[in-house]
Structures are given as C-alpha cells and as structure tokens.
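Asker: Enclosed is the structure file final05.cif (mmCIF, C-alpha atoms, pLDDT in the B column; chains and numbers go by the auth columns).
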data_start
#
loop_
_atom_site.group_PDB
_atom_site.id
_atom_site.type_symbol
_atom_site.label_atom_id
_atom_site.label_comp_id
_atom_site.label_asym_id
_atom_site.label_seq_id
_atom_site.Cartn_x
_atom_site.Cartn_y
_atom_site.Cartn_z
_atom_site.B_iso_or_equiv
_atom_site.auth_seq_id
_atom_site.auth_asym_id
ATOM 1 C CA MET A 1 -2.175 -10.067 27.296 56.00 158 A
ATOM 2 C CA PRO A 2 -1.448 -10.804 23.620 62.00 159 A
ATOM 3 C CA SER A 3 -1.451 -14.446 22.632 60.00 160 A
ATOM 4 C CA THR A 4 1.054 -16.238 20.430 61.00 161 A
ATOM 5 C CA SER A 5 -1.418 -16.235 17.582 84.00 162 A
ATOM 6 C CA PHE A 6 -1.784 -12.475 17.884 91.00 163 A
ATOM 7 C CA LYS A 7 1.960 -12.184 17.370 92.00 164 A
ATOM 8 C CA ASP A 8 1.709 -14.397 14.291 93.00 165 A
ATOM 9 C CA GLU A 9 -1.176 -12.355 12.969 94.00 166 A
ATOM 10 C CA LEU A 10 0.812 -9.157 13.419 96.00 167 A
ATOM 11 C CA LEU A 11 3.748 -10.714 11.659 95.00 168 A
ATOM 12 C CA ALA A 12 1.530 -11.795 8.774 95.00 169 A
ATOM 13 C CA GLU A 13 0.329 -8.203 8.337 96.00 170 A
ATOM 14 C CA THR A 14 3.730 -6.560 8.641 97.00 171 A
ATOM 15 C CA ARG A 15 4.508 -6.574 4.922 96.00 172 A
ATOM 16 C CA ASN A 16 1.235 -4.912 4.078 96.00 173 A
ATOM 17 C CA LEU A 17 1.622 -2.467 6.931 97.00 174 A
ATOM 18 C CA ARG A 18 5.071 -1.508 5.674 96.00 175 A
ATOM 19 C CA ALA A 19 3.821 -1.123 2.103 95.00 176 A
ATOM 20 C CA PHE A 20 1.096 1.215 3.343 96.00 177 A
ATOM 21 C CA ALA A 21 3.653 3.148 5.418 95.00 178 A
ATOM 22 C CA ILE A 22 5.925 3.610 2.401 92.00 179 A
ATOM 23 C CA SER A 23 2.976 4.775 0.305 92.00 180 A
ATOM 24 C CA LEU A 24 1.923 7.183 3.046 91.00 181 A
ATOM 25 C CA SER A 25 5.300 8.685 3.904 89.00 182 A
ATOM 26 C CA GLY A 26 7.254 8.266 0.680 86.00 183 A
ATOM 27 C CA SER A 27 10.273 7.132 2.657 86.00 184 A
ATOM 28 C CA VAL A 28 11.405 3.619 3.448 89.00 185 A
ATOM 29 C CA SER A 29 13.379 4.577 6.550 90.00 186 A
ATOM 30 C CA LEU A 30 10.495 6.612 7.916 91.00 187 A
ATOM 31 C CA ALA A 31 8.129 3.773 7.054 93.00 188 A
ATOM 32 C CA ASP A 32 10.258 1.360 9.079 94.00 189 A
ATOM 33 C CA ASP A 33 10.112 3.662 12.101 95.00 190 A
ATOM 34 C CA LEU A 34 6.344 3.885 11.677 96.00 191 A
ATOM 35 C CA VAL A 35 5.936 0.114 11.423 97.00 192 A
ATOM 36 C CA GLN A 36 8.093 -0.471 14.490 97.00 193 A
ATOM 37 C CA GLU A 37 6.115 2.014 16.552 97.00 194 A
ATOM 38 C CA SER A 38 2.794 0.669 15.265 97.00 195 A
ATOM 39 C CA LEU A 39 3.671 -2.927 16.136 97.00 196 A
ATOM 40 C CA LEU A 40 4.667 -1.857 19.646 96.00 197 A
ATOM 41 C CA ARG A 41 1.455 0.100 20.086 97.00 198 A
ATOM 42 C CA ALA A 42 -0.665 -2.722 18.669 97.00 199 A
ATOM 43 C CA TRP A 43 0.958 -5.199 21.017 95.00 200 A
ATOM 44 C CA SER A 44 0.424 -3.091 24.102 94.00 201 A
ATOM 45 C CA ASN A 45 -3.168 -2.299 23.092 96.00 202 A
ATOM 46 C CA SER A 46 -4.090 -5.752 21.843 94.00 203 A
ATOM 47 C CA GLU A 47 -7.123 -5.903 24.125 94.00 204 A
ATOM 48 C CA LYS A 48 -8.617 -3.013 22.141 95.00 205 A
ATOM 49 C CA PHE A 49 -8.638 -5.021 18.916 95.00 206 A
ATOM 50 C CA GLN A 50 -12.065 -6.498 18.267 93.00 207 A
ATOM 51 C CA PRO A 51 -11.767 -10.087 17.019 90.00 208 A
ATOM 52 C CA GLY A 52 -13.685 -10.597 13.806 90.00 209 A
ATOM 53 C CA THR A 53 -12.817 -7.141 12.501 93.00 210 A
ATOM 54 C CA SER A 54 -9.978 -6.460 10.096 95.00 211 A
ATOM 55 C CA LEU A 55 -6.597 -6.544 11.824 96.00 212 A
ATOM 56 C CA ARG A 56 -5.136 -4.894 8.739 97.00 213 A
ATOM 57 C CA ALA A 57 -7.497 -1.937 8.987 97.00 214 A
ATOM 58 C CA TRP A 58 -6.812 -1.663 12.732 97.00 215 A
ATOM 59 C CA LEU A 59 -3.047 -1.627 12.190 98.00 216 A
ATOM 60 C CA PHE A 60 -3.359 0.871 9.342 98.00 217 A
ATOM 61 C CA THR A 61 -5.404 3.134 11.629 97.00 218 A
ATOM 62 C CA ILE A 62 -2.721 2.967 14.329 97.00 219 A
ATOM 63 C CA LEU A 63 0.071 3.662 11.853 97.00 220 A
ATOM 64 C CA ARG A 64 -1.781 6.498 10.198 96.00 221 A
ATOM 65 C CA ASN A 65 -2.487 8.148 13.563 95.00 222 A
ATOM 66 C CA ILE A 66 1.181 7.935 14.533 95.00 223 A
ATOM 67 C CA TYR A 67 2.193 9.345 11.165 94.00 224 A
ATOM 68 C CA TYR A 68 -0.147 12.319 11.221 92.00 225 A
ATOM 69 C CA SER A 69 0.543 13.052 14.904 90.00 226 A
ATOM 70 C CA ASN A 70 4.307 12.863 14.873 85.00 227 A
ATOM 71 C CA TYR A 71 5.918 12.372 11.525 79.00 228 A
ATOM 72 C CA ARG A 72 4.149 14.216 8.802 75.00 229 A
ATOM 73 C CA LYS A 73 6.637 17.101 8.855 69.00 230 A
ATOM 74 C CA ARG A 74 9.419 14.678 8.008 63.00 231 A
ATOM 75 C CA SER A 75 7.556 13.065 5.185 53.00 232 A
ATOM 76 C CA ARG A 76 8.544 13.332 1.558 53.00 233 A
ATOM 77 C CA GLU A 77 11.666 15.284 2.382 48.00 234 A
ATOM 78 C CA VAL A 78 13.855 12.394 1.353 46.00 235 A
ATOM 79 C CA GLN A 79 12.729 10.014 -1.320 51.00 236 A
ATOM 80 C CA ASP A 80 14.785 6.977 -0.459 48.00 237 A
ATOM 81 C CA SER A 81 12.615 4.360 -2.053 52.00 238 A
ATOM 82 C CA ASP A 82 15.244 3.262 -4.537 49.00 239 A
ATOM 83 C CA GLY A 83 15.893 -0.014 -2.776 51.00 240 A
ATOM 84 C CA VAL A 84 12.254 -0.960 -2.955 56.00 241 A
ATOM 85 C CA TYR A 85 11.700 0.124 -6.522 59.00 242 A
ATOM 86 C CA ALA A 86 14.951 -1.326 -7.810 43.00 243 A
ATOM 87 C CA ARG A 87 13.304 -3.672 -10.216 45.00 244 A
ATOM 88 C CA ARG A 88 10.902 -3.684 -13.088 46.00 245 A
ATOM 89 C CA LEU A 89 10.779 -0.046 -13.959 43.00 246 A
ATOM 90 C CA THR A 90 9.691 -0.969 -17.426 40.00 247 A
ATOM 91 C CA VAL A 91 7.383 -3.692 -18.540 40.00 248 A
ATOM 92 C CA PRO A 92 8.129 -6.151 -21.316 40.00 249 A
ATOM 93 C CA GLY A 93 7.635 -4.545 -24.659 38.00 250 A
ATOM 94 C CA ASP A 94 6.131 -5.673 -27.898 35.00 251 A
ATOM 95 C CA GLN A 95 4.382 -3.623 -30.512 34.00 252 A
ATOM 96 C CA GLU A 96 1.654 -2.562 -28.106 38.00 253 A
ATOM 97 C CA SER A 97 1.735 0.496 -25.933 42.00 254 A
ATOM 98 C CA HIS A 98 2.293 0.102 -22.225 62.00 255 A
ATOM 99 C CA LEU A 99 1.679 1.925 -19.048 76.00 256 A
ATOM 100 C CA ASP A 100 5.159 2.460 -17.726 85.00 257 A
ATOM 101 C CA LEU A 101 5.488 1.723 -14.020 87.00 258 A
ATOM 102 C CA GLU A 102 7.991 4.490 -13.475 87.00 259 A
ATOM 103 C CA ASP A 103 5.609 6.991 -15.056 90.00 260 A
ATOM 104 C CA PHE A 104 2.853 5.608 -12.865 92.00 261 A
ATOM 105 C CA ARG A 105 4.930 6.030 -9.705 90.00 262 A
ATOM 106 C CA ASN A 106 5.824 9.581 -10.630 90.00 263 A
ATOM 107 C CA ALA A 107 2.170 10.362 -11.228 93.00 264 A
ATOM 108 C CA LEU A 108 1.247 8.788 -7.884 92.00 265 A
ATOM 109 C CA THR A 109 3.570 11.147 -6.024 90.00 266 A
ATOM 110 C CA LYS A 110 1.789 14.101 -7.619 92.00 267 A
ATOM 111 C CA LEU A 111 -1.578 13.184 -6.119 93.00 268 A
ATOM 112 C CA PRO A 112 -2.708 14.983 -2.976 92.00 269 A
ATOM 113 C CA ALA A 113 -1.815 12.795 0.030 90.00 270 A
ATOM 114 C CA GLU A 114 -5.456 12.189 0.937 93.00 271 A
ATOM 115 C CA GLN A 115 -6.227 10.886 -2.553 95.00 272 A
ATOM 116 C CA ARG A 116 -3.114 8.706 -2.787 94.00 273 A
ATOM 117 C CA GLU A 117 -3.965 7.238 0.593 95.00 274 A
ATOM 118 C CA VAL A 118 -7.498 6.254 -0.392 97.00 275 A
ATOM 119 C CA LEU A 119 -6.370 4.886 -3.752 96.00 276 A
ATOM 120 C CA THR A 120 -3.815 2.718 -1.948 96.00 277 A
ATOM 121 C CA LEU A 121 -6.226 1.489 0.708 97.00 278 A
ATOM 122 C CA ILE A 122 -8.988 0.546 -1.717 96.00 279 A
ATOM 123 C CA GLY A 123 -7.081 -0.269 -4.876 94.00 280 A
ATOM 124 C CA ALA A 124 -4.055 -2.048 -3.430 95.00 281 A
ATOM 125 C CA SER A 125 -4.426 -2.972 0.239 95.00 282 A
ATOM 126 C CA GLY A 126 -7.782 -4.626 -0.284 94.00 283 A
ATOM 127 C CA LEU A 127 -9.728 -2.634 2.281 97.00 284 A
ATOM 128 C CA SER A 128 -13.447 -2.101 1.844 97.00 285 A
ATOM 129 C CA TYR A 129 -14.903 1.387 1.546 97.00 286 A
ATOM 130 C CA GLU A 130 -16.159 1.019 5.104 96.00 287 A
ATOM 131 C CA GLU A 131 -12.748 0.001 6.442 97.00 288 A
ATOM 132 C CA ALA A 132 -11.012 2.794 4.530 97.00 289 A
ATOM 133 C CA ALA A 133 -13.505 5.261 6.011 97.00 290 A
ATOM 134 C CA VAL A 134 -12.593 4.070 9.516 96.00 291 A
ATOM 135 C CA VAL A 135 -8.860 4.245 8.797 97.00 292 A
ATOM 136 C CA CYS A 136 -9.093 7.768 7.356 96.00 293 A
ATOM 137 C CA GLN A 137 -11.718 8.902 9.874 96.00 294 A
ATOM 138 C CA VAL A 138 -14.053 10.294 7.221 97.00 295 A
ATOM 139 C CA GLY A 139 -17.401 9.217 5.766 98.00 296 A
ATOM 140 C CA ILE A 140 -17.810 6.658 3.004 97.00 297 A
ATOM 141 C CA GLY A 141 -18.967 9.406 0.634 97.00 298 A
ATOM 142 C CA THR A 142 -15.666 11.205 1.127 98.00 299 A
ATOM 143 C CA ILE A 143 -13.764 7.984 0.467 98.00 300 A
ATOM 144 C CA LYS A 144 -15.641 7.461 -2.782 97.00 301 A
ATOM 145 C CA SER A 145 -15.132 11.010 -3.959 97.00 302 A
ATOM 146 C CA ARG A 146 -11.394 10.952 -3.114 97.00 303 A
ATOM 147 C CA LEU A 147 -11.024 7.677 -4.987 96.00 304 A
ATOM 148 C CA SER A 148 -12.816 9.067 -7.989 95.00 305 A
ATOM 149 C CA ARG A 149 -10.716 12.242 -7.984 96.00 306 A
ATOM 150 C CA ALA A 150 -7.520 10.200 -7.595 96.00 307 A
ATOM 151 C CA ARG A 151 -8.373 8.119 -10.643 95.00 308 A
ATOM 152 C CA ALA A 152 -9.349 11.149 -12.690 94.00 309 A
ATOM 153 C CA LYS A 153 -6.114 12.904 -11.760 95.00 310 A
ATOM 154 C CA LEU A 154 -4.045 9.859 -12.739 94.00 311 A
ATOM 155 C CA VAL A 155 -5.873 9.590 -16.051 92.00 312 A
ATOM 156 C CA GLU A 156 -4.985 13.220 -16.638 93.00 313 A
ATOM 157 C CA LEU A 157 -1.363 12.946 -15.478 93.00 314 A
ATOM 158 C CA LEU A 158 -0.743 9.786 -17.477 91.00 315 A
ATOM 159 C CA GLN A 159 -2.701 11.141 -20.410 88.00 316 A
ATOM 160 C CA LEU A 160 -4.843 8.038 -20.596 85.00 317 A
ATOM 161 C CA ASP A 161 -7.922 9.806 -21.850 78.00 318 A
ATOM 162 C CA ASP A 162 -9.142 9.093 -25.313 64.00 319 A
ATOM 163 C CA ALA A 163 -6.981 11.493 -27.239 54.00 320 A
ATOM 164 C CA PRO A 164 -6.605 10.717 -30.962 51.00 321 A
ATOM 165 C CA GLN A 165 -2.863 10.147 -30.495 48.00 322 A
ATOM 166 C CA PRO A 166 -2.458 9.087 -26.881 47.00 323 A
ATOM 167 C CA PRO A 167 0.938 10.246 -25.611 48.00 324 A
ATOM 168 C CA VAL A 168 1.441 6.853 -23.938 50.00 325 A
ATOM 169 C CA GLU A 169 2.051 5.586 -27.434 47.00 326 A
ATOM 170 C CA ARG A 170 5.356 7.365 -27.342 47.00 327 A
ATOM 171 C CA LYS A 171 6.303 5.544 -24.187 49.00 328 A
ATOM 172 C CA VAL A 172 6.550 2.141 -25.748 48.00 329 A
ATOM 173 C CA ARG A 173 9.707 0.538 -24.465 51.00 330 A
ATOM 174 C CA ARG A 174 11.273 -2.709 -25.383 49.00 331 A
ATOM 175 C CA ALA A 175 12.258 -5.294 -22.834 48.00 332 A
ATOM 176 C CA GLY A 176 15.885 -6.222 -22.395 43.00 333 A
ATOM 177 C CA MET B 1 6.757 -13.528 -9.498 42.00 298 B
ATOM 178 C CA LEU B 2 8.580 -10.673 -11.095 43.00 299 B
ATOM 179 C CA ILE B 3 7.401 -11.617 -14.532 43.00 300 B
ATOM 180 C CA MET B 4 3.885 -12.333 -13.360 44.00 301 B
ATOM 181 C CA ASN B 5 3.573 -8.850 -11.916 46.00 302 B
ATOM 182 C CA ALA B 6 5.012 -7.276 -14.997 43.00 303 B
ATOM 183 C CA ALA B 7 2.328 -8.982 -17.007 41.00 304 B
ATOM 184 C CA ARG B 8 -0.337 -7.212 -15.003 44.00 305 B
ATOM 185 C CA VAL B 9 0.564 -3.854 -16.475 46.00 306 B
ATOM 186 C CA SER B 10 1.722 -4.992 -19.850 43.00 307 B
ATOM 187 C CA LYS B 11 -1.630 -4.741 -21.520 43.00 308 B
ATOM 188 C CA PHE B 12 -2.670 -1.191 -21.844 44.00 309 B
ATOM 189 C CA GLU B 13 -4.581 -1.593 -25.012 42.00 310 B
ATOM 190 C CA LYS B 14 -5.025 1.138 -27.527 43.00 311 B
ATOM 191 C CA PRO B 15 -8.332 2.987 -27.285 46.00 312 B
ATOM 192 C CA GLY B 16 -11.083 1.170 -29.091 47.00 313 B
ATOM 193 C CA PRO B 17 -14.340 -0.617 -28.479 46.00 314 B
ATOM 194 C CA ARG B 18 -14.099 -3.452 -25.979 45.00 315 B
ATOM 195 C CA PRO B 19 -17.308 -5.479 -25.867 47.00 316 B
ATOM 196 C CA ASP B 20 -16.233 -7.164 -22.623 46.00 317 B
ATOM 197 C CA LEU B 21 -15.980 -3.864 -20.756 41.00 318 B
ATOM 198 C CA PRO B 22 -18.604 -1.421 -19.599 43.00 319 B
ATOM 199 C CA ALA B 23 -19.280 1.263 -22.163 42.00 320 B
ATOM 200 C CA GLU B 24 -18.636 4.056 -19.681 49.00 321 B
ATOM 201 C CA SER B 25 -15.964 6.508 -20.663 48.00 322 B
ATOM 202 C CA GLY B 26 -12.539 5.874 -19.185 74.00 323 B
ATOM 203 C CA ALA B 27 -13.186 2.276 -18.102 83.00 324 B
ATOM 204 C CA GLU B 28 -10.052 1.103 -19.853 85.00 325 B
ATOM 205 C CA ALA B 29 -7.963 3.827 -18.307 86.00 326 B
ATOM 206 C CA VAL B 30 -9.288 2.980 -14.842 87.00 327 B
ATOM 207 C CA GLN B 31 -8.440 -0.670 -15.416 87.00 328 B
ATOM 208 C CA ALA B 32 -4.942 0.228 -16.585 89.00 329 B
ATOM 209 C CA ILE B 33 -4.481 2.315 -13.457 92.00 330 B
ATOM 210 C CA GLY B 34 -5.732 -0.570 -11.348 91.00 331 B
ATOM 211 C CA ARG B 35 -3.202 -2.945 -12.890 90.00 332 B
ATOM 212 C CA ALA B 36 -0.341 -0.482 -12.482 92.00 333 B
ATOM 213 C CA LEU B 37 -1.326 0.177 -8.871 93.00 334 B
ATOM 214 C CA ALA B 38 -1.428 -3.540 -8.118 92.00 335 B
ATOM 215 C CA ALA B 39 2.023 -4.071 -9.657 91.00 336 B
ATOM 216 C CA HIS B 40 3.440 -1.038 -7.860 92.00 337 B
ATOM 217 C CA TYR B 41 2.056 -2.187 -4.516 93.00 338 B
ATOM 218 C CA ALA B 42 3.188 -5.776 -5.087 92.00 339 B
ATOM 219 C CA ASP B 43 6.740 -4.447 -5.295 91.00 340 B
ATOM 220 C CA LEU B 44 6.328 -2.805 -1.910 92.00 341 B
ATOM 221 C CA VAL B 45 4.717 -5.829 -0.280 93.00 342 B
ATOM 222 C CA GLN B 46 7.339 -8.194 -1.670 91.00 343 B
ATOM 223 C CA ALA B 47 10.315 -6.022 -0.754 90.00 344 B
ATOM 224 C CA PRO B 48 12.665 -7.735 1.713 90.00 345 B
ATOM 225 C CA LEU B 49 11.392 -7.224 5.232 92.00 346 B
ATOM 226 C CA PRO B 50 13.984 -6.041 7.763 93.00 347 B
ATOM 227 C CA ASP B 51 14.627 -8.643 10.469 95.00 348 B
ATOM 228 C CA LYS B 52 14.015 -6.089 13.172 95.00 349 B
ATOM 229 C CA PHE B 53 10.241 -6.488 12.990 96.00 350 B
ATOM 230 C CA MET B 54 10.344 -10.216 13.596 94.00 351 B
ATOM 231 C CA GLU B 55 12.912 -9.654 16.336 95.00 352 B
ATOM 232 C CA LEU B 56 10.732 -7.034 17.959 95.00 353 B
ATOM 233 C CA LEU B 57 7.684 -9.306 18.035 93.00 354 B
ATOM 234 C CA ALA B 58 9.770 -12.224 19.295 93.00 355 B
ATOM 235 C CA ARG B 59 11.151 -10.024 22.065 93.00 356 B
ATOM 236 C CA LEU B 60 7.684 -8.822 23.043 91.00 357 B
ATOM 237 C CA GLU B 61 6.496 -12.406 23.214 88.00 358 B
ATOM 238 C CA ASP B 62 9.510 -13.419 25.313 86.00 359 B
ATOM 239 C CA ASP B 63 8.810 -10.550 27.677 84.00 360 B
ATOM 240 C CA LYS B 64 5.245 -11.774 27.988 78.00 361 B
ATOM 241 C CA SER B 65 6.418 -15.313 28.790 73.00 362 B
ATOM 242 C CA ALA B 66 8.867 -13.944 31.343 71.00 363 B
ATOM 243 C CA LEU B 67 6.066 -11.976 32.972 69.00 364 B
ATOM 244 C CA LYS B 68 3.888 -15.103 33.115 67.00 365 B
ATOM 245 C CA VAL B 69 6.660 -17.094 34.805 67.00 366 B
ATOM 246 C CA GLN B 70 7.218 -14.235 37.209 65.00 367 B
ATOM 247 C CA GLY B 71 3.474 -14.133 37.895 65.00 368 B
ATOM 248 C CA LYS B 72 3.422 -17.849 38.751 64.00 369 B
ATOM 249 C CA ARG B 73 6.393 -17.414 41.077 65.00 370 B
ATOM 250 C CA ASP B 74 4.671 -14.494 42.751 64.00 371 B
ATOM 251 C CA ALA B 75 1.554 -16.602 43.205 63.00 372 B
ATOM 252 C CA LEU B 76 3.565 -19.407 44.818 62.00 373 B
ATOM 253 C CA ASP B 77 5.394 -17.100 47.199 62.00 374 B
#
Written as structure tokens, how would this file's structure read?
Answerer:
Amino acid sequence: MPSTSFKDELLAETRNLRAFAISLSGSVSLADDLVQESLLRAWSNSEKFQPGTSLRAWLFTILRNIYYSNYRKRSREVQDSDGVYARRLTVPGDQESHLDLEDFRNALTKLPAEQREVLTLIGASGLSYEEAAVVCQVGIGTIKSRLSRARAKLVELLQLDDAPQPPVERKVRRAG
Amino acid sequence: MLIMNAARVSKFEKPGPRPDLPAESGAEAVQAIGRALAAHYADLVQAPLPDKFMELLARLEDDKSALKVQGKRDALD
C-alpha cells in the first residue's frame, strides 16, 4: 500500500512527468491524460517500484508505455501547446546573434520521435544514459547514437555549422 | 525566473576559437543546443500544473486511509 511519502514523491515528479509527456506527444491535453493515467498506474503498482532507483525514470517508463500502447495514433494531430509556450519566444537582443527559441522548438518537432525522446531524457530531464536505456527499452549504444543523430540533425536544421555566414546571424532579434 | 532562463540561450556566440572549449568541431553548436533545450524544457516544467493531479493523488490517499479504517473495523468485528 503506498505511503504518504510516496504520494509526495509522485507529486514532486508530476511537473517533470508532464513536461516529458508534452515533449513525447506534442499535445498538452493528451499529455494531461497521460499523466493522469500514469499517476493512477504508479499508485496501484507502487510495490513494483524499487526504492533507491530513480522514481522519475520509473514514471517515465510507465507513461511512455501507456503512450505507445494506446495513444500514439492521436499524437501530433493537434498542436495545442500555445498555452505552455506563451512566453519568451525570443531572447533578449543585443548586437550578438542568438539562437531563437521558437526556431529551436520548430526544429525539435522535425526530429524523429525516437531522437527527440532521447534528447529530452538526457539533455533536459536529467536521466543518465542507463536510465534512458531502461525507459526506451533499448541498449545504451542505441541511446548514444540517437542522441548524437538528434544533435547533428538540430545543427543542420538550425544551420549552426561553421558556415562563413551563418544564417542564424539573420535571426538577430531585439528585445522589447 | 523568466529572465534567468532567457539568459541561458542568449549567448550563441559567433563561430571562432574558444580556448575554454574542446577543439572538436561543433562543440559550440552542441552547447547552444543544450542551452536552448534547457530553456525550452524549463518552460514546460514551470507551466502551471492543473489542480486535477494534486486532487487525484489526494483522493487516492484518502481512499487508502478509508480502506485502513475499514480494515481495522473488520479486524475488530
């Protein structure tokens, strides 16, 4: 039977779980359904969680399984992330060039799902390679190669390679 | 917080030698991507959380307490 502290631990991970769900599905409303179902499943299977291991990785695994089993068809049909991304689409400008967040988000949606997922898990959610491998149910080598391909693809999409006149230069925007 | 996060992506420097970075090709680009990813994800993590998740967990915990009380009653009967 779950303890009070288990409830608190779940609550503490809910924001990260939801962020992962939004990244995975591309939809806030779908992400909320996924989080709700994952919390319910985690609660009723709390005895299967091994103390000392990452609760975050365990919850991500549950959510990902639910998503790929039941929801993937619905994913990315409706991009309703506006409420979440309502702020800070540009970064403060000066005379330097900037990596525009909106451009970055657009590029992120163009990555294959498996690469975006690994990039998110390792680069943003703070999971280790080992934990990401468990969540995605692949080997560590696959995780590393997906991460590397994700980065290379973003470099290409955002034209961050060392071109003589990097196109990001044209994207300089001024704050305010 | 908003400004702090913005600062994370505000420094995509122009290509050029950076003695403090590894000499490998694309290190700057990878770092810029890392900063943008962190700022992007911070937006998601900091987005207002619907109350329904807290309510759900509270309800589950209440149900558990109710079951415990019921269990004690059953044991006394």
Asker: How many Å lie between CA of Arg198 in chain A and CA of Ala214 in chain A, rounded to one decimal?
Answerer: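 Calculated distance between CA of Arg198 in chain A and CA of Ala214 in chain A is 14.4 Å.
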Asker: Neighbouring residues of Ala169 in chain A were defined as those with any atom within 12 Å, considering all atoms listed in the file; residues of the same chain fewer than 5 positions away were excluded. Please report them as a list in words.
Answerer: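 Neighbouring residues, sequence-local ones excluded: Ser162, Phe163, Lys164, Leu174, Arg175, Leu196, Leu212, Arg213 and Leu216 of chain A; Val342, Leu346, Phe350, Met351 and Leu354 of chain B.
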Asker: Specify as a PDB file with C-alpha atoms, in the coordinates of the input each residue included when the PyMOL selection byres ((chain A and resi 306-311) around 12) is applied to this file.
Answerer:
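Written out: out12.pdb:
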ATOM      1  CA  LEU A 256       1.679   1.925 -19.048  1.00 76.00           C
ATOM      2  CA  ASP A 260       5.609   6.991 -15.056  1.00 90.00           C
ATOM      3  CA  PHE A 261       2.853   5.608 -12.865  1.00 92.00           C
ATOM      4  CA  ARG A 262       4.930   6.030  -9.705  1.00 90.00           C
ATOM      5  CA  ASN A 263       5.824   9.581 -10.630  1.00 90.00           C
ATOM      6  CA  ALA A 264       2.170  10.362 -11.228  1.00 93.00           C
ATOM      7  CA  LEU A 265       1.247   8.788  -7.884  1.00 92.00           C
ATOM      8  CA  THR A 266       3.570  11.147  -6.024  1.00 90.00           C
ATOM      9  CA  LYS A 267       1.789  14.101  -7.619  1.00 92.00           C
ATOM     10  CA  LEU A 268      -1.578  13.184  -6.119  1.00 93.00           C
ATOM     11  CA  PRO A 269      -2.708  14.983  -2.976  1.00 92.00           C
ATOM     12  CA  ALA A 270      -1.815  12.795   0.030  1.00 90.00           C
ATOM     13  CA  GLU A 271      -5.456  12.189   0.937  1.00 93.00           C
ATOM     14  CA  GLN A 272      -6.227  10.886  -2.553  1.00 95.00           C
ATOM     15  CA  ARG A 273      -3.114   8.706  -2.787  1.00 94.00           C
ATOM     16  CA  GLU A 274      -3.965   7.238   0.593  1.00 95.00           C
ATOM     17  CA  VAL A 275      -7.498   6.254  -0.392  1.00 97.00           C
ATOM     18  CA  LEU A 276      -6.370   4.886  -3.752  1.00 96.00           C
ATOM     19  CA  THR A 277      -3.815   2.718  -1.948  1.00 96.00           C
ATOM     20  CA  ILE A 279      -8.988   0.546  -1.717  1.00 96.00           C
ATOM     21  CA  GLY A 280      -7.081  -0.269  -4.876  1.00 94.00           C
ATOM     22  CA  THR A 299     -15.666  11.205   1.127  1.00 98.00           C
ATOM     23  CA  ILE A 300     -13.764   7.984   0.467  1.00 98.00           C
ATOM     24  CA  LYS A 301     -15.641   7.461  -2.782  1.00 97.00           C
ATOM     25  CA  SER A 302     -15.132  11.010  -3.959  1.00 97.00           C
ATOM     26  CA  ARG A 303     -11.394  10.952  -3.114  1.00 97.00           C
ATOM     27  CA  LEU A 304     -11.024   7.677  -4.987  1.00 96.00           C
ATOM     28  CA  SER A 305     -12.816   9.067  -7.989  1.00 95.00           C
ATOM     29  CA  VAL A 312      -5.873   9.590 -16.051  1.00 92.00           C
ATOM     30  CA  GLU A 313      -4.985  13.220 -16.638  1.00 93.00           C
ATOM     31  CA  LEU A 314      -1.363  12.946 -15.478  1.00 93.00           C
ATOM     32  CA  LEU A 315      -0.743   9.786 -17.477  1.00 91.00           C
ATOM     33  CA  GLN A 316      -2.701  11.141 -20.410  1.00 88.00           C
ATOM     34  CA  LEU A 317      -4.843   8.038 -20.596  1.00 85.00           C
ATOM     35  CA  ASP A 318      -7.922   9.806 -21.850  1.00 78.00           C
TER      36      ASP A 318
ATOM     37  CA  SER B 322     -15.964   6.508 -20.663  1.00 48.00           C
ATOM     38  CA  GLY B 323     -12.539   5.874 -19.185  1.00 74.00           C
ATOM     39  CA  ALA B 324     -13.186   2.276 -18.102  1.00 83.00           C
ATOM     40  CA  GLU B 325     -10.052   1.103 -19.853  1.00 85.00           C
ATOM     41  CA  ALA B 326      -7.963   3.827 -18.307  1.00 86.00           C
ATOM     42  CA  VAL B 327      -9.288   2.980 -14.842  1.00 87.00           C
ATOM     43  CA  GLN B 328      -8.440  -0.670 -15.416  1.00 87.00           C
ATOM     44  CA  ALA B 329      -4.942   0.228 -16.585  1.00 89.00           C
ATOM     45  CA  ILE B 330      -4.481   2.315 -13.457  1.00 92.00           C
ATOM     46  CA  GLY B 331      -5.732  -0.570 -11.348  1.00 91.00           C
ATOM     47  CA  ALA B 333      -0.341  -0.482 -12.482  1.00 92.00           C
ATOM     48  CA  LEU B 334      -1.326   0.177  -8.871  1.00 93.00           C
TER      49      LEU B 334
END
Asker: For the atom pair CA of Lys349 in chain B and CA of Leu197 in chain A, what is the interatomic distance in Å to one decimal place?
Answerer: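 Here the two named atoms are 12.1 Å from each other.
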Asker: Apply the PyMOL selection byres ((chain A and resi 218) around 10) to the displayed file and report the matching residues as a PyMOL selection string.
Answerer: chain A and resi 195+212-217+219-224+288-289+291-294
Asker: Please compute the CA of Tyr338 in chain B-CA of Gly298 in chain A distance, one decimal, in Å.
Answerer: 24.6 Å
Asker: Given the choices A:Ser285, A:Ser182, A:Asn173, A:Thr210, which gets closest to chain B if the distance is worked out from only C-alpha atoms?
Answerer: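 Of A:Ser285, A:Ser182, A:Asn173, A:Thr210, the one nearest chain B is A:Asn173, counting only C-alpha atoms.
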Asker: Would you please work out which residue, of A:Ala176, A:Leu167, A:Glu204, A:Leu181, is nearest to Pro345 in chain B when using all atoms listed in the file?
Answerer: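 Among the listed residues, the smallest separation from Pro345 in chain B belongs to A:Ala176.
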Asker: Around range 181-188 of chain A, with edges along x, y and z and 4 Å added on all six sides, what centre and edge lengths do you get, in Å to one decimal, as AutoDock Vina command-line options?
Answerer:
--center_x 7.7 --center_y 6.2 --center_z 4.3 --size_x 19.5 --size_y 13.1 --size_z 15.2
Asker: So, counting only C-alpha atoms, which residue among A:Ser180, A:Ser203, A:Glu259, A:Asp165 is closest to Leu341 in chain B?
Answerer: A:Ser180
Asker: Using the chain letters and numbers from the file, which residues does the PyMOL selection byres ((chain A and resi 228) around 12) grab, as a list of chain:residue names?
Answerer: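 With the PyMOL selection byres ((chain A and resi 228) around 12) on this model, the match is A:Ala178, A:Leu181, A:Ser182, A:Gly183, A:Ser184, A:Ser186, A:Leu187, A:Ala188, A:Asp190, A:Leu191, A:Glu194, A:Leu220, A:Arg221, A:Asn222, A:Ile223, A:Tyr224, A:Tyr225, A:Ser226, A:Asn227, A:Arg229, A:Lys230, A:Arg231, A:Ser232, A:Arg233, A:Glu234.
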